[in-house]
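Please read the structure below before turning to the comments.
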Amino acid sequence: MDYCCQVNRSVLWCPHARVPAFRVTDATGKYFGLVIAYVLPGFAALWTLRPYSPTVRAWMETSASLPAGLESVFFVTLASTAAGMTISALRWAAIDSLFALSGVRRPAWNDARLQQNVLAWEVVVEAHYRYFQFYAHMAIVLPFMAFNLSLPALPVAVLTFVFECLFLAAARDALAKYYARATRLLGTVPISKELGHDQRQSQESSRQRQR
């Protein structure tokens, strides 16, 4: 294995460290990655809708009644997840394209090596890609949050600009590290081979349709 770490069942072991780097089968770790990638940015987006939606405002208000409080948590969680998925689509259309223009492009990975490295690949996703999603999603939501703050305009604009640059820089760094580490695991295939494979598949499908 040409990667600096070795996979031992569910744990990614690194010869340069005395402890396992990550336990990918731990449900808590996976849930944490999904929460920071989708739920937290989605909740921030819901917070920006409070002044305009009485329903969202009612969900986020504390209730002394236990059933009503549980219902609010349930609806807020579902709505935050849906909002997070929507923000993810906006991120794909805007930030992913921006980073690709800046030089951070997705490599043509060799998917044939994914099966034997799937556990280590999950570690790379949780260690880098989930954080990229959080930073990029927050960069999208942040201007809307700042618009709803009842504070002087100049300090809000300055802080928004600073944190926007911070989120974008952190997102670009996390995505670049994810691409680099995943490339060490999976390797790459030449673009010509990838295109040739796609062309052969299209030719075979056209022949089957003609039959």
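Every chain in the structure tokens takes a letter, A first, then B, and so on in the order presented; its residues are numbered from 1, and the ligands are numbered from 1 following the presented order.
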Taking 4 positions as the minimum chain separation for residues in the same chain, which residues sit within 7 Å of segment 132-143 of chain A when counting only C-alpha atoms? Answer as a PDB file with N, CA and C atoms, in the first residue's frame.
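Output below, filename around.pdb:
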ATOM      1  N   ILE A  36     -21.963  18.764  11.428  1.00  0.00           N
ATOM      2  CA  ILE A  36     -21.265  20.002  11.083  1.00  0.00           C
ATOM      3  C   ILE A  36     -21.374  20.314   9.597  1.00  0.00           C
ATOM      4  N   ALA A  37     -21.584  19.298   8.768  1.00  0.00           N
ATOM      5  CA  ALA A  37     -21.654  19.530   7.326  1.00  0.00           C
ATOM      6  C   ALA A  37     -23.011  20.063   6.892  1.00  0.00           C
ATOM      7  N   PRO A  41     -24.990  24.381   9.552  1.00  0.00           N
ATOM      8  CA  PRO A  41     -25.248  25.454   8.583  1.00  0.00           C
ATOM      9  C   PRO A  41     -26.742  25.623   8.284  1.00  0.00           C
ATOM     10  N   ALA A  44     -28.239  27.602  11.069  1.00  0.00           N
ATOM     11  CA  ALA A  44     -27.894  29.014  10.914  1.00  0.00           C
ATOM     12  C   ALA A  44     -28.768  29.683   9.852  1.00  0.00           C
ATOM     13  N   ALA A  45     -29.065  28.947   8.782  1.00  0.00           N
ATOM     14  CA  ALA A  45     -29.947  29.493   7.752  1.00  0.00           C
ATOM     15  C   ALA A  45     -31.361  29.681   8.293  1.00  0.00           C
ATOM     16  N   ILE A  87     -28.219  24.402   0.890  1.00  0.00           N
ATOM     17  CA  ILE A  87     -26.968  25.164   0.899  1.00  0.00           C
ATOM     18  C   ILE A  87     -25.867  24.387   0.203  1.00  0.00           C
ATOM     19  N   SER A  88     -25.873  23.063   0.344  1.00  0.00           N
ATOM     20  CA  SER A  88     -24.873  22.238  -0.331  1.00  0.00           C
ATOM     21  C   SER A  88     -24.973  22.382  -1.848  1.00  0.00           C
ATOM     22  N   ARG A  91     -23.473  25.650  -2.697  1.00  0.00           N
ATOM     23  CA  ARG A  91     -22.009  25.532  -2.608  1.00  0.00           C
ATOM     24  C   ARG A  91     -21.424  24.874  -3.845  1.00  0.00           C
ATOM     25  N   HIS A 128     -11.338  15.683   6.576  1.00  0.00           N
ATOM     26  CA  HIS A 128     -11.130  16.875   5.745  1.00  0.00           C
ATOM     27  C   HIS A 128     -12.388  17.338   5.021  1.00  0.00           C
ATOM     28  N   PHE A 147     -26.914  40.253   7.922  1.00  0.00           N
ATOM     29  CA  PHE A 147     -27.971  41.182   7.529  1.00  0.00           C
ATOM     30  C   PHE A 147     -29.042  41.297   8.611  1.00  0.00           C
ATOM     31  N   THR A 160     -18.025  40.652   9.065  1.00  0.00           N
ATOM     32  CA  THR A 160     -18.510  39.719   8.039  1.00  0.00           C
ATOM     33  C   THR A 160     -17.447  39.463   6.990  1.00  0.00           C
ATOM     34  N   GLU A 164     -15.800  35.898   6.459  1.00  0.00           N
ATOM     35  CA  GLU A 164     -16.025  35.326   5.130  1.00  0.00           C
ATOM     36  C   GLU A 164     -14.705  34.883   4.511  1.00  0.00           C
ATOM     37  N   PHE A 167     -13.537  31.725   6.450  1.00  0.00           N
ATOM     38  CA  PHE A 167     -14.259  30.516   6.067  1.00  0.00           C
ATOM     39  C   PHE A 167     -13.826  30.016   4.685  1.00  0.00           C
ATOM     40  N   LEU A 168     -13.696  30.930   3.733  1.00  0.00           N
ATOM     41  CA  LEU A 168     -13.307  30.522   2.381  1.00  0.00           C
ATOM     42  C   LEU A 168     -11.884  29.959   2.364  1.00  0.00           C
ATOM     43  N   ALA A 170     -10.283  28.551   4.909  1.00  0.00           N
ATOM     44  CA  ALA A 170     -10.302  27.249   5.586  1.00  0.00           C
ATOM     45  C   ALA A 170     -10.953  26.182   4.702  1.00  0.00           C
ATOM     46  N   ALA A 171     -12.009  26.547   3.973  1.00  0.00           N
ATOM     47  CA  ALA A 171     -12.664  25.585   3.085  1.00  0.00           C
ATOM     48  C   ALA A 171     -11.724  25.163   1.960  1.00  0.00           C
ATOM     49  N   ALA A 174      -9.064  22.792   3.413  1.00  0.00           N
ATOM     50  CA  ALA A 174      -9.595  21.463   3.721  1.00  0.00           C
ATOM     51  C   ALA A 174      -9.860  20.671   2.451  1.00  0.00           C
ATOM     52  N   LEU A 175     -10.386  21.321   1.414  1.00  0.00           N
ATOM     53  CA  LEU A 175     -10.650  20.614   0.166  1.00  0.00           C
ATOM     54  C   LEU A 175      -9.352  20.170  -0.506  1.00  0.00           C
TER      55      LEU A 175
END
Discussion item. Considering only C-alpha atoms, can you say which of A:Arg106, A:Arg130, A:Arg184, A:Arg57 comes closest to Tyr38 of chain A?
Written reply: A:Arg130
Practice prompt. From the DSSP assignment of the backbone, select every residue of segment 9-174 of chain A that is strand (DSSP E), and format the answer as a list in words.
Written response: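 Reading the DSSP output for segment 9-174 of chain A, strand (DSSP E) covers Val11, Leu12, Trp13, Phe22 and Arg23 of chain A.
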Worksheet item: Which residue out of A:Val56, A:Ala180, A:Val125, A:Leu34 has the minimum interatomic distance to Gly84 of chain A when only C-alpha atoms are used?
Response: A:Leu34
Worksheet item: Mind pulling up the distance from atom CA of Thr81 of chain A to atom CA of Val39 of chain A?
Response: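 Atom CA of Thr81 of chain A lies 5.0 Å from atom CA of Val39 of chain A.
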Worksheet entry | atom CA of Met145 of chain A to atom CA of Ala83 of chain A, distance in Å rounded to a single decimal |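 Atom CA of Met145 of chain A sits 14.1 Å away from atom CA of Ala83 of chain A.
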Worksheet item: Between atom CA of Val123 of chain A and atom CA of Ser97 of chain A, what is the spacing in Å?
Response: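 Spanning atom CA of Ser97 of chain A to atom CA of Val123 of chain A is a straight-line distance of 24.8 Å.
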